[in-house]
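K.L.:
Contents of final-v2.cif (mmCIF, C-alpha atoms (C1' of nucleotides)) are below:
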```cif
data_query
#
loop_
_atom_site.label_atom_id
_atom_site.label_comp_id
_atom_site.auth_asym_id
_atom_site.auth_seq_id
_atom_site.Cartn_x
_atom_site.Cartn_y
_atom_site.Cartn_z
CA MET A 98 -23.18 14.28 12.54
CA ALA A 99 -23.66 17.39 14.56
CA THR A 100 -20.07 18.54 14.68
CA THR A 101 -19.20 22.17 14.79
CA LEU A 102 -16.81 22.39 11.87
CA ILE A 103 -16.31 25.84 10.53
CA PRO A 104 -16.56 26.02 6.77
CA GLY A 105 -13.16 25.80 5.12
CA PRO A 106 -11.57 28.40 2.89
CA ARG A 107 -13.16 28.93 -0.48
CA GLU A 108 -11.77 29.54 -3.89
CA GLU A 109 -11.56 33.28 -3.55
CA ASN A 110 -9.06 33.08 -0.72
CA ALA A 111 -7.44 29.76 -1.45
CA SER A 112 -4.29 31.36 -2.73
CA ARG A 113 -4.04 34.44 -0.56
CA ARG A 114 -1.34 35.09 1.98
CA LYS A 115 2.01 34.14 0.50
CA ALA A 116 0.23 31.56 -1.69
CA SER A 117 1.69 29.20 0.85
CA ARG A 118 -1.36 27.10 1.22
CA LEU A 119 -2.33 24.02 -0.58
CA ASP A 120 -5.79 22.67 -1.06
CA LEU A 121 -5.32 18.95 -0.83
CA PHE A 122 -8.42 18.49 -2.94
CA ARG A 123 -6.90 20.39 -5.83
CA PHE A 124 -3.53 18.77 -5.45
CA VAL A 125 -3.10 16.32 -8.29
CA PRO A 126 -0.86 13.80 -6.49
CA PHE A 127 -3.38 13.46 -3.70
CA ARG A 128 -6.26 13.20 -6.12
CA LEU A 129 -4.53 10.51 -8.11
CA ASN A 130 -3.74 8.58 -4.99
CA ARG A 131 -7.27 8.75 -3.70
CA LEU A 132 -8.83 7.98 -7.06
CA SER A 133 -6.50 5.07 -7.65
CA ALA A 134 -7.32 3.57 -4.27
CA GLU A 135 -11.02 3.97 -4.87
CA VAL A 136 -10.92 2.45 -8.33
CA SER A 137 -8.81 -0.44 -7.09
CA ASN A 138 -11.38 -1.04 -4.42
CA ALA A 139 -14.19 -1.01 -6.91
CA LEU A 140 -12.39 -3.54 -9.09
CA SER A 141 -11.30 -5.82 -6.31
CA SER A 142 -14.90 -6.89 -5.84
CA GLU A 143 -14.46 -8.56 -9.20
CA TYR A 144 -11.11 -10.22 -9.08
CA GLN A 145 -10.58 -10.45 -5.34
CA ALA A 146 -13.90 -11.33 -3.81
CA ARG A 147 -15.02 -13.45 -6.72
CA TYR A 148 -11.83 -15.14 -7.85
CA GLY A 149 -9.50 -14.76 -4.89
CA LEU A 150 -6.89 -12.82 -6.83
CA ASP A 151 -4.97 -9.95 -5.31
CA ILE A 152 -3.59 -7.08 -7.35
CA PRO A 153 -0.16 -8.55 -8.13
CA GLU A 154 -1.76 -11.83 -9.11
CA TRP A 155 -4.19 -10.05 -11.34
CA ARG A 156 -1.31 -8.20 -12.99
CA VAL A 157 0.50 -11.42 -13.73
CA LEU A 158 -2.67 -12.92 -15.13
CA ALA A 159 -3.35 -9.85 -17.23
CA THR A 160 0.15 -9.69 -18.64
CA LEU A 161 0.31 -13.37 -19.51
CA GLY A 162 -3.21 -13.33 -20.87
CA PHE A 163 -2.59 -10.41 -23.15
CA ARG A 164 0.65 -11.69 -24.57
CA ASN A 165 0.07 -15.18 -25.84
CA ASP A 166 3.73 -16.06 -25.72
CA ALA A 167 5.46 -17.03 -22.51
CA CYS A 168 7.52 -14.39 -20.79
CA SER A 169 9.72 -14.07 -17.75
CA ALA A 170 8.81 -12.83 -14.30
CA GLN A 171 11.29 -10.02 -14.82
CA TYR A 172 9.41 -8.88 -17.89
CA ILE A 173 6.15 -8.77 -15.95
CA SER A 174 7.89 -6.93 -13.16
CA ASP A 175 9.30 -4.37 -15.58
CA CYS A 176 6.21 -3.51 -17.47
CA THR A 177 3.77 -3.56 -14.58
CA ARG A 178 6.26 -1.64 -12.47
CA THR A 179 5.82 -4.08 -9.64
CA HIS A 180 8.74 -5.22 -7.51
CA LYS A 181 10.17 -8.54 -8.57
CA SER A 182 9.67 -10.05 -5.12
CA THR A 183 5.99 -9.20 -5.32
CA ILE A 184 5.74 -10.80 -8.74
CA SER A 185 7.63 -13.81 -7.48
CA ARG A 186 5.13 -14.39 -4.72
CA ALA A 187 2.19 -13.85 -7.05
CA VAL A 188 3.60 -16.38 -9.51
CA THR A 189 4.12 -18.91 -6.74
CA ALA A 190 0.53 -18.53 -5.62
CA LEU A 191 -0.78 -18.80 -9.17
CA MET A 192 1.28 -21.91 -9.80
CA GLU A 193 -0.12 -23.55 -6.71
CA ARG A 194 -3.58 -22.87 -8.02
CA GLU A 195 -2.52 -24.19 -11.42
CA ILE A 196 -3.40 -20.95 -13.12
CA VAL A 197 0.14 -20.37 -14.30
CA GLU A 198 2.84 -22.80 -15.27
CA ARG A 199 6.47 -22.23 -15.95
CA VAL A 200 9.11 -23.99 -17.96
CA GLU A 201 12.83 -23.75 -17.78
CA ASN A 202 14.46 -21.65 -20.41
CA ALA A 203 17.24 -23.75 -21.87
CA GLU A 204 18.94 -20.69 -23.29
CA ASP A 205 19.19 -18.96 -19.93
CA ARG A 206 18.64 -21.17 -16.99
CA ARG A 207 18.34 -18.28 -14.57
CA GLU A 208 14.93 -17.38 -15.87
CA PHE A 209 11.68 -19.25 -16.36
CA ARG A 210 9.14 -18.80 -19.11
CA LEU A 211 5.70 -18.26 -17.68
CA ARG A 212 2.38 -18.87 -19.32
CA LEU A 213 -1.23 -19.49 -18.46
CA THR A 214 -2.50 -23.01 -18.10
CA ARG A 215 -5.73 -23.94 -19.79
CA LYS A 216 -7.44 -23.25 -16.50
CA GLY A 217 -5.66 -19.90 -16.25
CA ARG A 218 -6.73 -18.96 -19.76
CA ALA A 219 -10.31 -19.82 -18.92
CA LEU A 220 -10.14 -17.68 -15.81
CA TYR A 221 -8.71 -14.85 -17.86
CA GLU A 222 -11.44 -15.11 -20.47
CA GLU A 223 -14.06 -15.08 -17.78
CA LEU A 224 -12.59 -12.18 -15.88
CA ILE A 225 -11.76 -9.74 -18.63
CA PRO A 226 -15.29 -8.83 -19.76
CA ARG A 227 -16.25 -8.21 -16.15
CA LEU A 228 -13.34 -5.89 -15.59
CA LEU A 229 -13.86 -4.04 -18.85
CA ARG A 230 -17.47 -3.53 -17.90
CA LYS A 231 -16.41 -2.23 -14.51
CA GLU A 232 -13.97 0.16 -16.15
CA GLN A 233 -16.71 1.50 -18.37
CA GLU A 234 -18.89 1.89 -15.32
CA ILE A 235 -16.25 3.99 -13.64
CA LEU A 236 -15.84 6.11 -16.75
CA SER A 237 -19.55 6.32 -17.38
CA CYS A 238 -19.58 9.91 -16.21
CA LEU A 239 -17.46 10.86 -19.20
CA SER A 240 -18.55 11.13 -22.81
CA ALA A 241 -16.73 9.08 -25.43
CA GLN A 242 -14.90 12.23 -26.41
CA GLU A 243 -13.90 12.92 -22.82
CA ARG A 244 -12.67 9.41 -22.30
CA LYS A 245 -10.39 9.71 -25.28
CA LEU A 246 -9.15 13.00 -23.98
CA PHE A 247 -8.56 11.61 -20.52
CA ALA A 248 -6.64 8.65 -21.91
CA ALA A 249 -4.54 10.99 -24.03
CA LEU A 250 -3.73 13.24 -21.08
CA LEU A 251 -2.85 10.27 -18.93
CA GLY A 252 -0.59 9.14 -21.73
CA LYS A 253 1.17 12.47 -21.85
CA ILE A 254 1.83 12.43 -18.14
CA GLU A 255 3.03 8.85 -18.26
CA ASN A 256 5.36 9.81 -21.06
CA GLY A 257 6.62 12.77 -19.14
CA LEU A 258 7.40 10.52 -16.20
CA ASP A 259 9.06 7.92 -18.41
CA LEU A 260 6.33 5.62 -17.34
CA VAL A 261 5.65 4.29 -20.80
CA GLN A 262 6.64 0.78 -20.03
CA ASP A 263 3.87 -0.57 -22.21
CA SER A 264 4.29 -3.45 -24.59
CA GLN A 265 5.57 -1.17 -27.31
CA ALA A 266 8.17 0.45 -25.13
CA ALA A 267 9.20 -2.77 -23.49
CA ASP A 268 9.73 -4.29 -26.89
CA ALA A 269 11.45 -1.17 -28.12
CA LYS A 270 14.03 -1.64 -25.42
CA GLU A 271 15.12 -4.71 -27.32
CA ALA A 272 16.20 -2.51 -30.19
CA TYR A 273 18.93 -0.78 -28.20
CA MET B 241 18.91 -7.41 -21.89
CA ALA B 242 19.23 -9.91 -24.68
CA THR B 243 15.94 -11.64 -24.08
CA THR B 244 13.98 -13.11 -26.90
CA LEU B 245 10.65 -11.47 -26.29
CA ILE B 246 8.36 -11.55 -29.22
CA PRO B 247 6.70 -8.20 -29.86
CA GLY B 248 3.30 -8.02 -28.25
CA PRO B 249 0.02 -7.49 -29.99
CA ARG B 250 -0.50 -4.13 -31.58
CA GLU B 251 -3.51 -1.88 -31.88
CA GLU B 252 -4.83 -3.47 -35.03
CA ASN B 253 -5.35 -6.81 -33.35
CA ALA B 254 -5.76 -5.74 -29.76
CA SER B 255 -9.48 -6.36 -29.79
CA ARG B 256 -9.76 -9.30 -32.11
CA ARG B 257 -10.90 -12.77 -31.10
CA LYS B 258 -13.95 -12.40 -28.86
CA ALA B 259 -12.61 -9.03 -27.71
CA SER B 260 -11.68 -11.00 -24.64
CA ARG B 261 -8.27 -9.51 -24.25
CA LEU B 262 -7.25 -6.57 -22.25
CA ASP B 263 -4.23 -4.42 -22.78
CA LEU B 264 -3.15 -3.59 -19.28
CA PHE B 265 -1.53 -0.45 -20.59
CA ARG B 266 -4.79 0.89 -21.89
CA PHE B 267 -6.71 -0.18 -18.82
CA VAL B 268 -7.51 2.91 -16.84
CA PRO B 269 -7.52 1.34 -13.36
CA PHE B 270 -4.05 -0.05 -13.92
CA ARG B 271 -2.80 3.22 -15.36
CA LEU B 272 -4.16 5.17 -12.43
CA ASN B 273 -2.59 2.78 -9.99
CA ARG B 274 0.79 2.92 -11.65
CA LEU B 275 0.70 6.66 -12.14
CA SER B 276 -0.36 7.26 -8.57
CA ALA B 277 2.46 5.10 -7.25
CA GLU B 278 4.99 6.85 -9.44
CA VAL B 279 3.81 10.31 -8.48
CA SER B 280 3.79 9.38 -4.80
CA ASN B 281 7.33 8.18 -5.19
CA ALA B 282 8.39 11.39 -6.85
CA LEU B 283 6.86 13.43 -4.06
CA SER B 284 8.17 11.34 -1.22
CA SER B 285 11.65 12.57 -1.95
CA GLU B 286 10.34 15.90 -0.72
CA TYR B 287 8.34 15.10 2.35
CA GLN B 288 9.76 11.72 3.25
CA ALA B 289 13.48 11.86 2.62
CA ARG B 290 13.78 15.50 3.57
CA TYR B 291 11.32 15.86 6.41
CA GLY B 292 10.73 12.32 7.56
CA LEU B 293 7.00 12.42 6.90
CA ASP B 294 5.10 9.48 5.52
CA ILE B 295 1.95 9.84 3.45
CA PRO B 296 -0.60 9.76 6.28
CA GLU B 297 1.47 12.28 8.25
CA TRP B 298 1.68 14.52 5.24
CA ARG B 299 -2.08 14.30 4.82
CA VAL B 300 -2.67 15.34 8.39
CA LEU B 301 -0.23 18.20 8.00
CA ALA B 302 -1.82 19.29 4.74
CA THR B 303 -5.34 19.20 6.13
CA LEU B 304 -4.48 21.09 9.28
CA GLY B 305 -2.33 23.56 7.39
CA PHE B 306 -5.01 24.36 4.88
CA ARG B 307 -7.77 24.86 7.37
CA ASN B 308 -6.61 27.29 9.95
CA ASP B 309 -9.12 26.16 12.49
CA ALA B 310 -8.63 23.07 14.56
CA CYS B 311 -10.46 19.97 13.49
CA SER B 312 -10.93 16.41 14.65
CA ALA B 313 -9.06 13.32 13.56
CA GLN B 314 -12.33 11.98 12.27
CA TYR B 315 -12.69 14.97 9.98
CA ILE B 316 -9.23 14.38 8.55
CA SER B 317 -9.99 10.73 8.15
CA ASP B 318 -13.23 11.52 6.31
CA CYS B 319 -11.97 13.99 3.84
CA THR B 320 -8.65 12.36 3.05
CA ARG B 321 -10.38 8.99 2.85
CA THR B 322 -7.78 7.49 5.12
CA HIS B 323 -8.65 4.92 7.77
CA LYS B 324 -9.05 6.40 11.21
CA SER B 325 -6.46 4.08 12.73
CA THR B 326 -3.93 5.30 10.18
CA ILE B 327 -4.75 8.90 11.02
CA SER B 328 -4.54 8.12 14.71
CA ARG B 329 -1.02 6.79 14.35
CA ALA B 330 0.02 9.69 12.17
CA VAL B 331 -1.30 12.17 14.71
CA THR B 332 0.55 10.39 17.52
CA ALA B 333 3.80 10.58 15.59
CA LEU B 334 3.28 14.23 14.74
CA MET B 335 2.51 15.07 18.36
CA GLU B 336 5.70 13.39 19.48
CA ARG B 337 7.59 15.56 17.06
CA GLU B 338 5.65 18.58 18.29
CA ILE B 339 4.31 19.34 14.85
CA VAL B 340 0.72 18.89 15.91
CA GLU B 341 -0.98 19.58 19.19
CA ARG B 342 -4.40 18.68 20.38
CA VAL B 343 -6.79 20.05 22.91
CA GLU B 344 -9.77 18.49 24.52
CA ASN B 345 -13.10 19.51 23.19
CA ALA B 346 -15.20 20.48 26.18
CA GLU B 347 -18.39 20.06 24.20
CA ASP B 348 -17.63 16.48 23.23
CA ARG B 349 -14.95 14.84 25.25
CA ARG B 350 -14.68 11.90 22.89
CA GLU B 351 -12.94 13.98 20.28
CA PHE B 352 -9.88 16.18 20.24
CA ARG B 353 -9.30 19.35 18.28
CA LEU B 354 -6.09 19.15 16.34
CA ARG B 355 -3.98 22.00 15.07
CA LEU B 356 -0.47 22.73 13.98
CA THR B 357 2.05 24.02 16.47
CA ARG B 358 4.19 26.98 15.54
CA LYS B 359 6.84 24.49 14.48
CA GLY B 360 4.28 22.54 12.48
CA ARG B 361 3.13 25.68 10.73
CA ALA B 362 6.72 26.51 9.83
CA LEU B 363 7.22 23.04 8.44
CA TYR B 364 4.05 23.40 6.43
CA GLU B 365 5.10 26.77 5.04
CA GLU B 366 8.44 25.35 4.06
CA LEU B 367 7.06 22.21 2.50
CA ILE B 368 4.19 23.52 0.44
CA PRO B 369 6.14 25.51 -2.17
CA ARG B 370 8.37 22.51 -2.74
CA LEU B 371 5.43 20.21 -3.29
CA LEU B 372 3.62 22.65 -5.53
CA ARG B 373 6.76 22.97 -7.59
CA LYS B 374 7.02 19.21 -7.81
CA GLU B 375 3.41 18.98 -8.89
CA GLN B 376 4.03 21.50 -11.64
CA GLU B 377 7.07 19.50 -12.67
CA ILE B 378 4.97 16.38 -13.02
CA LEU B 379 2.39 18.29 -15.04
CA SER B 380 4.97 20.15 -17.08
CA CYS B 381 4.23 17.98 -20.09
CA LEU B 382 0.75 19.48 -20.25
CA SER B 383 -0.18 22.94 -21.43
CA ALA B 384 -2.12 25.22 -19.11
CA GLN B 385 -5.22 24.38 -21.08
CA GLU B 386 -4.57 20.67 -20.80
CA ARG B 387 -4.01 20.89 -17.07
CA LYS B 388 -7.35 22.54 -16.62
CA LEU B 389 -8.93 19.88 -18.73
CA PHE B 390 -7.24 17.11 -16.81
CA ALA B 391 -8.33 18.56 -13.50
CA ALA B 392 -11.87 18.87 -14.78
CA LEU B 393 -11.96 15.29 -16.00
CA LEU B 394 -10.54 14.05 -12.73
CA GLY B 395 -13.26 16.00 -11.01
CA LYS B 396 -15.95 14.39 -13.09
CA ILE B 397 -14.69 10.92 -12.28
CA GLU B 398 -14.39 11.75 -8.61
CA ASN B 399 -17.93 13.01 -8.68
CA GLY B 400 -19.11 9.90 -10.43
CA LEU B 401 -17.51 7.80 -7.73
CA ASP B 402 -18.92 9.94 -4.96
CA LEU B 403 -15.38 10.78 -4.12
CA VAL B 404 -15.98 14.47 -3.72
CA GLN B 405 -15.07 14.62 -0.12
CA ASP B 406 -13.37 17.99 -0.58
CA SER B 407 -13.73 20.85 1.82
CA GLN B 408 -16.91 22.03 0.11
CA ALA B 409 -18.57 18.65 0.24
CA ALA B 410 -17.40 17.91 3.76
CA ASP B 411 -18.84 21.20 4.87
CA ALA B 412 -21.97 20.61 2.87
CA LYS B 413 -22.58 17.48 4.88
CA GLU B 414 -23.18 19.80 7.81
CA ALA B 415 -26.24 21.14 6.07
CA TYR B 416 -28.14 17.88 6.24
"C1'" DT C 73 40.50 -19.51 -18.56
"C1'" DT C 74 39.37 -17.18 -14.77
"C1'" DA C 75 37.70 -13.38 -11.90
"C1'" DA C 76 34.50 -9.62 -11.50
"C1'" DA C 77 30.24 -7.81 -12.58
"C1'" DT C 78 25.44 -8.46 -13.91
"C1'" DT C 79 20.97 -10.62 -13.90
"C1'" DA C 80 16.76 -13.85 -12.58
"C1'" DG C 81 14.47 -15.31 -8.98
"C1'" DT C 82 13.65 -16.43 -3.84
"C1'" DC C 83 13.18 -15.37 0.85
"C1'" DG C 84 13.69 -13.23 5.59
"C1'" DC C 85 12.73 -9.02 7.68
"C1'" DA C 86 10.58 -4.86 8.76
"C1'" DA C 87 7.41 -1.22 7.87
"C1'" DC C 88 2.82 -0.04 6.75
"C1'" DT C 89 -2.04 -0.30 7.02
"C1'" DG C 90 -6.76 -2.14 7.22
"C1'" DC C 91 -9.74 -4.67 10.27
"C1'" DA C 92 -11.92 -5.43 14.35
"C1'" DA C 93 -12.18 -5.26 19.19
"C1'" DC C 94 -11.99 -2.20 22.94
"C1'" DT C 95 -12.71 2.06 26.06
"C1'" DA C 96 -14.82 6.24 26.81
"C1'" DT C 97 -18.29 9.37 25.71
"C1'" DC C 98 -22.47 10.95 23.83
"C1'" DT C 99 -27.30 10.37 21.84
"C1'" DT C 100 -31.66 8.30 21.32
"C1'" DA C 101 -35.66 5.88 22.79
"C1'" DC C 102 -38.38 4.15 26.14
"C1'" DG D 121 -33.38 8.14 34.33
"C1'" DT D 122 -31.76 4.19 32.18
"C1'" DA D 123 -30.60 1.07 28.61
"C1'" DA D 124 -29.36 0.43 23.84
"C1'" DG D 125 -27.07 2.24 20.12
"C1'" DA D 126 -23.85 5.33 17.89
"C1'" DT D 127 -19.41 7.77 17.63
"C1'" DA D 128 -14.18 9.26 18.53
"C1'" DG D 129 -10.11 7.49 19.11
"C1'" DT D 130 -6.56 3.68 20.34
"C1'" DT D 131 -4.42 -0.61 19.88
"C1'" DG D 132 -3.40 -5.67 18.88
"C1'" DC D 133 -3.24 -8.53 15.05
"C1'" DA D 134 -2.56 -10.12 10.60
"C1'" DG D 135 -1.91 -9.60 5.70
"C1'" DT D 136 0.70 -7.21 2.19
"C1'" DT D 137 4.69 -5.49 0.08
"C1'" DG D 138 9.16 -3.17 -0.59
"C1'" DC D 139 13.98 -3.69 0.55
"C1'" DG D 140 18.07 -6.06 0.65
"C1'" DA D 141 20.68 -10.18 1.09
"C1'" DC D 142 21.22 -14.45 -0.93
"C1'" DT D 143 21.86 -18.37 -4.59
"C1'" DA D 144 22.45 -19.70 -9.13
"C1'" DA D 145 23.45 -18.68 -13.75
"C1'" DT D 146 25.36 -15.77 -17.34
"C1'" DT D 147 28.17 -12.14 -19.37
"C1'" DT D 148 32.15 -9.21 -19.60
"C1'" DA D 149 36.91 -8.17 -19.24
"C1'" DA D 150 41.46 -9.14 -18.49
#
```
Show me the file's structure as structure tokens.

P.N.:
Amino acid sequence: MATTLIPGPREENASRRKASRLDLFRFVPFRLNRLSAEVSNALSSEYQARYGLDIPEWRVLATLGFRNDACSAQYISDCTRTHKSTISRAVTALMEREIVERVENAEDRREFRLRLTRKGRALYEELIPRLLRKEQEILSCLSAQERKLFAALLGKIENGLDLVQDSQAADAKEAY
Amino acid sequence: MATTLIPGPREENASRRKASRLDLFRFVPFRLNRLSAEVSNALSSEYQARYGLDIPEWRVLATLGFRNDACSAQYISDCTRTHKSTISRAVTALMEREIVERVENAEDRREFRLRLTRKGRALYEELIPRLLRKEQEILSCLSAQERKLFAALLGKIENGLDLVQDSQAADAKEAY
DNA sequence: TTAAATTAGTCGCAACTGCAACTATCTTAC
DNA sequence: GTAAGATAGTTGCAGTTGCGACTAATTTAA
């Protein structure tokens, strides 16, 4: 690669001149975006290449697998922050593969209760250890202490953005 | 929302039974993905709604604005980790809007040297403070100390993933 | 009771983007 | 010098996904 790129600005002058410059590589939104894409890529070798699941499908599987009770597509959409149309398509695909099944909800016939089939549960059980291992691999550059710290900081930012749609918060909504 | 969701598993039993369960909300890849999407959304109100730029266009603008020398599309593609076809389309759009201009490189007529026009520079100067403010807003739930820590931890993970395609690393490649 | 508003889920459409093929140019090896 | 391979950039194609309109069902208000 014998290009003739001139070295870019360094730290000492990164904020000179009106401070109206922005180093993309120090810009948190960009870094998050890039990191997220890279991590997704790394994981997709597990659930995509090996099991033919895309991200929305994996999210449905993960949500249903974690909660052992059936829940609605809307619930999955809410707490994974994925558009309901995307969830709808993922559920359709998973039903065709007999990974997920749904039953009518007699109390509210607009919604369906979704749950894993036996086959879906087996897939979940097989997949989870692989993904957890992969996660640890990605975080292997951090000490246990640092991982905790990182998780805590992520949590703070999520909170700040009202992004805490985790199981606790989703359930808490019921209390209102 | 009068659903009948049963509260999900809590911390004390989150890892019971074969440890073969995974709380999506504690799973770092998912959290990064969700956070990244949310942050992108928050920022797009600045560069998308207000200036009609999409993410790849913003990346081109940011890269060219930060480096004051012209550089190739390939360079932008490399260090933003964005596919070259995506960069190509972004550059085309930005040229049509006269935000970016390109000149032939006499030394290698395959590539073009890209740089901001006067108008592009003005746009950049106008946009950057807004985005930096937005970034600070997003990080406002962290103390100065915590922000440093977060940036450092991000850096470690990026390094671990060989994601350090920042200006230093990109330039360093020249040394080989 | 009935009409208006809300909600769950589906689907068509359009925008986005990665892949891969393609052209043009340059480099390497013989 | 020439042929094979590599590289920069463009473009057609296809897969994905968000948006918004739609249906069906439920809730709210009058």

K.L.:
Show me as number ranges by chain the residues that reach within 9 Å of (8.0, -4.3, 6.8), counting only C-alpha atoms (C1' of nucleotides) and using the file's own coordinates.

P.N.:
C: 85-88; D: 137-139

K.L.:
Taking all atoms listed in the file into account, what are the residues of chain A at most 7 Å from chain D, put as a count of residues only?

P.N.:
3

K.L.:
Contacts of B:Ala392 at 12 Å or less, counting all atoms listed in the file, minus same-chain residues fewer than 4 places along, as an MDAnalysis selection string?

P.N.:
(chainID A and resid 123 125 128 238:239 243 246:247 250) or (chainID B and resid 385:388 396:399)

K.L.:
Can you check which residues of chain A have any atom within 12 Å of chain C? Use all atoms listed in the file and format it as a PyMOL selection string.

P.N.:
chain A and resi 98-99+169-172+174+180-186+188-189+201-202+205-210

K.L.:
Rank nothing, just name the residue among A:Ala187, A:Met192, A:Leu158, A:Ile225 nearest to chain B, using all atoms listed in the file.

P.N.:
A:Ile225

K.L.:
Grab the atom CA of A:Glu195 to atom CA of A:Leu211 distance for me, in Å with one decimal place.

P.N.:
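Atom-to-atom, atom CA of A:Glu195 and atom CA of A:Leu211 are spaced 11.9 Å apart.
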
K.L.:
Measuring between only C-alpha atoms, which one of A:Leu236, A:Ala190, A:Ile196, A:Ile173 shows the shortest distance to chain B?

P.N.:
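Residue with the minimum atom-to-atom distance to chain B: A:Leu236.
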
K.L.:
Residues at most 9 Å from B:Arg358, counting all atoms listed in the file, excluding those fewer than 2 positions away in the same chain, as a PDB file with C-alpha atoms, in the frame of the given file?

P.N.:
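The resulting file, result16.pdb, is shown below:
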```pdb
ATOM      1  CA  GLU B 338       5.650  18.580  18.290  1.00  0.00           C
ATOM      2  CA  ILE B 339       4.310  19.340  14.850  1.00  0.00           C
ATOM      3  CA  VAL B 340       0.720  18.890  15.910  1.00  0.00           C
ATOM      4  CA  LEU B 356      -0.470  22.730  13.980  1.00  0.00           C
ATOM      5  CA  GLY B 360       4.280  22.540  12.480  1.00  0.00           C
ATOM      6  CA  ARG B 361       3.130  25.680  10.730  1.00  0.00           C
ATOM      7  CA  ALA B 362       6.720  26.510   9.830  1.00  0.00           C
ATOM      8  CA  LEU B 363       7.220  23.040   8.440  1.00  0.00           C
TER       9      LEU B 363
END
```

K.L.:
Can you pull out the residues contacting A:Glu135? Cut-off 10 Å, using only C-alpha atoms (C1' of nucleotides), and skip same-chain residues under 6 positions away; I want them as a VMD selection string.

P.N.:
(chain A and resid 129 141) or (chain B and resid 269 273 321 398 401 to 403)

K.L.:
What does the distance from atom CA of A:Leu161 to atom CA of A:Tyr221 come to in Å, to one decimal?

P.N.:
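Interatomic distance, atom CA of A:Leu161 to atom CA of A:Tyr221: 9.3 Å.
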
K.L.:
Taking the file as shown, what set of residues would the PyMOL selection byres ((chain B and resi 262) around 7) give back, as a count of residues only?

P.N.:
6

K.L.:
For atom CA of A:Ile235 and atom CA of A:Tyr144, determine how far apart the two atoms are, in Å to one decimal place.

P.N.:
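These two atoms are separated by 15.8 Å.
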
K.L.:
Give as a PDB file with C-alpha atoms, keeping the file's coordinate frame the residues that the PyMOL selection byres ((chain A and resi 153) around 8) matches when applied to the coordinates above.

P.N.:
```
ATOM      1  CA  ASP A 151      -4.970  -9.950  -5.310  1.00  0.00           C
ATOM      2  CA  ILE A 152      -3.590  -7.080  -7.350  1.00  0.00           C
ATOM      3  CA  GLU A 154      -1.760 -11.830  -9.110  1.00  0.00           C
ATOM      4  CA  TRP A 155      -4.190 -10.050 -11.340  1.00  0.00           C
ATOM      5  CA  ARG A 156      -1.310  -8.200 -12.990  1.00  0.00           C
ATOM      6  CA  VAL A 157       0.500 -11.420 -13.730  1.00  0.00           C
ATOM      7  CA  THR A 179       5.820  -4.080  -9.640  1.00  0.00           C
ATOM      8  CA  THR A 183       5.990  -9.200  -5.320  1.00  0.00           C
ATOM      9  CA  ILE A 184       5.740 -10.800  -8.740  1.00  0.00           C
ATOM     10  CA  ALA A 187       2.190 -13.850  -7.050  1.00  0.00           C
TER      11      ALA A 187
END
```

K.L.:
Considering all atoms listed in the file, state which residue in the set B:Ser285, B:Lys359, B:Ser276, B:Arg373 is at the smallest distance from chain A.

P.N.:
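Using all atoms listed in the file, the shortest distance to chain A belongs to B:Ser276.
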